[in-house]
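Q: Okay, here's the structure, questions in a sec.
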Amino acid sequence: MTGSIIWKSLITIAVVSWAILNIVPPNDTPFEQYIDTQVTAEVEEFNELKNKAMERVESKQDPSLFVALKNLLIEESIDFQKFVPQIDGTDIRNRPKRNETLLAELLKLSQGKVKLGLDLKGGIAFTFKVDEADLDANQVVRDDQLSRAVEIIRKRVDGLGVAEPIIRLKGDNRIEVQMPGISTKDNPDIIQSIGKPAKLEFCEVHRTANPQNTPETPLGYIPMIEDREDSRTGDISEIAYYIKRPPAMTGEIIDEAYAAPNEFGGFRVLLRFTGEGENTFANVTRMISEKNQSTNVVGQMAIILDGKLYSAPTVQQEIRGGAEITGRFSQREALELANVLNNPLKVGMVVDEMYEVGPSLAEDARDASLSAFQIGAVLVILFMIIYYLSAGMVAVISVGINVIIVFGTLSSLGATVTLPGVAALVLTIGMAVDANILIFERIREELREGKKLSTSIITGYQKVLSTIVDANVTTLITAGILIWLGTGPVKGFGVTLAIGIVASMFCALLVSRAMLEFLVNTGIVKKMMVKSFFKTTSVPFLDYRKVAFISSWTVVLVGISSVFLNKDHIFGTDFTGGEELTLKFEQKLTSQQVAKVAGDNDLGEVNVVFQTTIGQGVEDLKITTQHGKGDQMLAALLSAFPQAGLDLVGKSTISASVGDEVKWSAVKSISLALVFILFYVAVRFEFGYGVGAVIATIHDILMSIGLFVLLGSLGFGSGQFSAPMVAAVLMIIGYSLNDTIVVFDRIREELTLNPGMNLKGVVNLSINRTLSRTLLTSVTTLLATSALYLWGAGVVIDFALVFIIGIFTGTFSSIFIASPVFFWYHKEDRRHVEERHILPEYEWQTSRKASKPTN
């Protein structure tokens, strides 16, 4: 075995091991079981403590073992550190804070690495009721206040690391928040951390009087108490002050807040001022410090958040640059405090309802979709093995490692796995095969020229390297723009896309090559890719360019016309909002039964979830319909299921869960991505290539959206766009670019290899030589996608349909849109191309030149 194979294998093992460690264990371990495995000292004493805690849970004194243990440790003054000496928390001096930190760490470790979304697992939901006193009487201003509150809560939830939440207006003055994978039993303060107003104030402290020496409160001041922690012992003492009102400054002067460790093992929150805020703070602290000499007492500045005094540092001189909030913060508390300070609310809110929600996709529909995923993956695997034999097995293993790496990386980032996310993962299997197909077809070309198998592998990889890099970098640019400018699901898709691209390149260029070289060099495989379904073709594609171009854009116009004709119906409740019915029942209905009633009565999209009010254990049925369809839906259900005992408990209007910010971020991201792609392709290739790639991508986006809506009006799919459909459209961009760049890279290469051939001949030759790869990639991706469409359920069917359309449009446009545009841009003249860019010299060309004898 050569050194090259060894180091590639070692890197692969290291990366895969890291990914597996981030996936295992995938599921949660009950906290009461996990904590038993972690207690390694004073076991008998801990068991007694745990039994007391369990009694508190059973009597409903505390909601969970975690909370019960935390409370018992405080009440009985017990140091939890002695039970888990292997986890060092001695740097936290304050015992209650240390206990809470250790318990929180154990709770985190007991949870599975794979986080499931609301559609697969459910989660918790709660509604905030906005204080009417804080809302303006003018309806326009009021609506703006509520919309801003929704966006601020969305940012706070994002700041907590909760992925794929649902946040929307409900009724006239309520905001609903649904969060997957969160339990209020173990995180009782999470709702308060999201809903607190974050009212920050900076106030002067009375220089001489305090509640101890002056019982009567001075005019213009109020008494407040600071809990101060001793830096050596961790003990807490109360320090009373008189605080001047009104405040000298508020949180308006803060530009950013962030958590940072302090010198005692705890955490603090650092504050960075705005430009104007820094000047204001400097002026106030200068005035305080100037009084120090005249009064012979050092002044203090109190930092107050939501009515609690956190600290009152002394002011010796004018202060610029920033400030800090100190207190007995754990890392989580400091992060949450910084999060709410960065997103302050202008309106007061109280928790109105709190309940657990079941999976938004019913169990039978979920199982059907998961089965479809498995069928799609198996079809791709079988096709690769049957067509490529031993090389196909290499591709399957490589793609399997690709999936492990993607999953492991997403898990390490705390990403939430939703059903469309799993669908995207299966589709990624089809797309990840592309790089392997590209390599295998290039190796096949080398074998046809009579080269040895080992030589063909080396040369094939050398020739295909630039193609793979360019194709993936263009898609990576798109992912980078989505991460930079996108919000919510758009940004999340960008992260997933970027991880998938890097993993795909790693596996294709490193893992697959190491396995191929090992099989060939050890003699295990002596022949490879002997048979091919595709013969060498010589189709004059450009002869059909005008007919294809006109026909294609005609279809685009028809599709876009369908979009405008159906503009009032193409957006689902994720985008438009709707009506929500809350029903009690005697006989439980399934989501399929409700959906069938909606379909039979032409009531459009409905979403069904079951919720249980926390503390009551009573399950309700919630149905979301389109605006104006709620009463019709209820009447239809009562007629179809009179035996179910349905009783309307409440009806309310809900706003869109996908805000305008998310929609516009997607549009801006795609637009800027196309500009960057044009620039990259122009630099790496030439400007004409960039124009072709951008026009082809725009063509594919418009055609896919138009045909999806048109087919929906004909009964194929819903024809409506929901939040997950944004990801489906974004996937089409990546697929389209990948196809186009492969063809363009071959055109660039053939221009070098065929200096006497005209431009039309070069383009036709390039398309024909990449045709087998194009068709094979389309087949593998279609196998996976068709399985999702035929056997999936719910939004997965629409997701798959959009991508099926994208596969056909992407394949078509790389041949009949991108290539003809490039051909026309250069006036059908080869010299026009050569005058505008330097043709690349590949490594394999250099080697061939060096091997030629000199005269």
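Residues in the structure tokens are numbered from 1 in each chain, the chains being A, B, ... in the order shown, and ligands are numbered from 1 in the order shown.
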Need the shell around Thr780 in chain A: protein/DNA/RNA residues with any atom at most 9 Å away, counting only C-alpha atoms. Skip same-chain ones fewer than 6 positions apart. Format as a list of chain:residue names?
A: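 Surrounding residues, per the criterion: A:Leu379, A:Val380, A:Ile381, A:Phe383, A:Met384, A:Ile429, A:Gly430, A:Met431, A:Val433, A:Asp434.
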Q: What's around Phe407 in chain A at 12 Å? Count only C-alpha atoms, leave out sequence neighbours fewer than 4 positions away in its own chain, and write the answer as a PyMOL selection string.
A: chain A and resi 16+18-24+26+113-115+400-403+411-417+421-422+424-426+428+496-497+499-500+503
Q: Nearest to Arg748 in chain A: which of A:Asp367, A:Glu834, A:Asp543, A:Asp158 is it, counting only C-alpha atoms?
A: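 Comparing A:Asp367, A:Glu834, A:Asp543, A:Asp158 against Arg748 in chain A, the winner is A:Glu834.
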Q: Could you check the closest approach to Lys527 in chain A for each of A:Leu389, A:Val39, A:Val555, A:Leu410 and tell me which residue wins, using only C-alpha atoms?
A: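 Result for the nearest residue to Lys527 in chain A: A:Leu389.
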Q: Work out how far CA of Tyr689 in chain A is from CA of Glu835 in chain A, in Å to one decimal.
A: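 Between these atoms lies a distance of 14.0 Å.
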Q: Have a look at A:Tyr258, A:Trp7, A:Phe823, A:Trp791 and name the one nearest to Asn342 in chain A; count only C-alpha atoms.
A: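 Ranking A:Tyr258, A:Trp7, A:Phe823, A:Trp791 by distance to Asn342 in chain A, first place goes to A:Tyr258.
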Q: Quick one: pull the distance between CA of Leu370 in chain A and CA of Thr781 in chain A, Å, one decimal.
A: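 So the two atoms, CA of Leu370 in chain A and CA of Thr781 in chain A, lie 17.2 Å apart.
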Q: Please determine, counting only C-alpha atoms, which residue among A:Ala498, A:Leu638, A:Leu516, A:Ala471 has the shortest atom-to-atom distance to Ile741 in chain A.
A: A:Ala471
Q: Quick one, how far is CA of Leu447 in chain A from CA of Lys8 in chain A?
A: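 Between CA of Leu447 in chain A and CA of Lys8 in chain A the gap is 24.5 Å.
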Q: Near Lys196 in chain A, within 8 Å and counting only C-alpha atoms, which residues show up once chain neighbours fewer than 4 positions away are dropped, as number ranges by chain?
A: A: 192, 306, 340, 345, 348-349
Q: Using only C-alpha atoms, determine which residues lie at most 8 Å from Ile194 in chain A, disregarding the query and same-chain residues fewer than 4 positions distant; provide the list as a PyMOL selection string.
A: chain A and resi 153+156-157+190+340
Q: For the selection just defined, write its residues with N, CA and C atoms to a file, as a short mmCIF file (atom, residue, chain, number, x, y, z; two decimals), in the first residue's frame.
A:
```
data_model
loop_
_atom_site.label_atom_id
_atom_site.label_comp_id
_atom_site.auth_asym_id
_atom_site.auth_seq_id
_atom_site.Cartn_x
_atom_site.Cartn_y
_atom_site.Cartn_z
N ILE A 153 -38.81 38.52 18.96
CA ILE A 153 -38.89 37.20 19.59
C ILE A 153 -38.23 36.15 18.70
N ARG A 156 -34.61 36.37 19.29
CA ARG A 156 -34.26 35.83 20.60
C ARG A 156 -34.23 34.31 20.57
N VAL A 157 -35.24 33.71 19.93
CA VAL A 157 -35.29 32.25 19.83
C VAL A 157 -34.11 31.74 19.01
N ILE A 190 -37.09 29.25 30.43
CA ILE A 190 -36.84 29.62 29.03
C ILE A 190 -37.89 30.57 28.49
N VAL A 340 -31.21 38.87 24.96
CA VAL A 340 -32.37 39.76 25.09
C VAL A 340 -31.96 41.22 25.04
#
```
Q: Please determine, counting only C-alpha atoms, which residue among A:Gly123, A:Gly706, A:Gly578, A:Gly321 has the shortest atom-to-atom distance to Asn279 in chain A.
A: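 Going through A:Gly123, A:Gly706, A:Gly578, A:Gly321 one by one, the smallest distance to Asn279 in chain A is for A:Gly321.
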Q: Given the choices A:Ile501, A:Glu586, A:Glu445, A:Pro96, which gets closest to Lys535 in chain A if the distance is worked out from only C-alpha atoms?
A: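 Of the candidates, the smallest distance to Lys535 in chain A is held by A:Glu445.
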Q: Name the residues of range 307-550 of chain A that fall into strand (DSSP E or B) according to DSSP on the backbone, using the chain letters and numbers of this document, as a ChimeraX atom specification.
A: /A:308-311,314-315,322-329,349-357,416-417
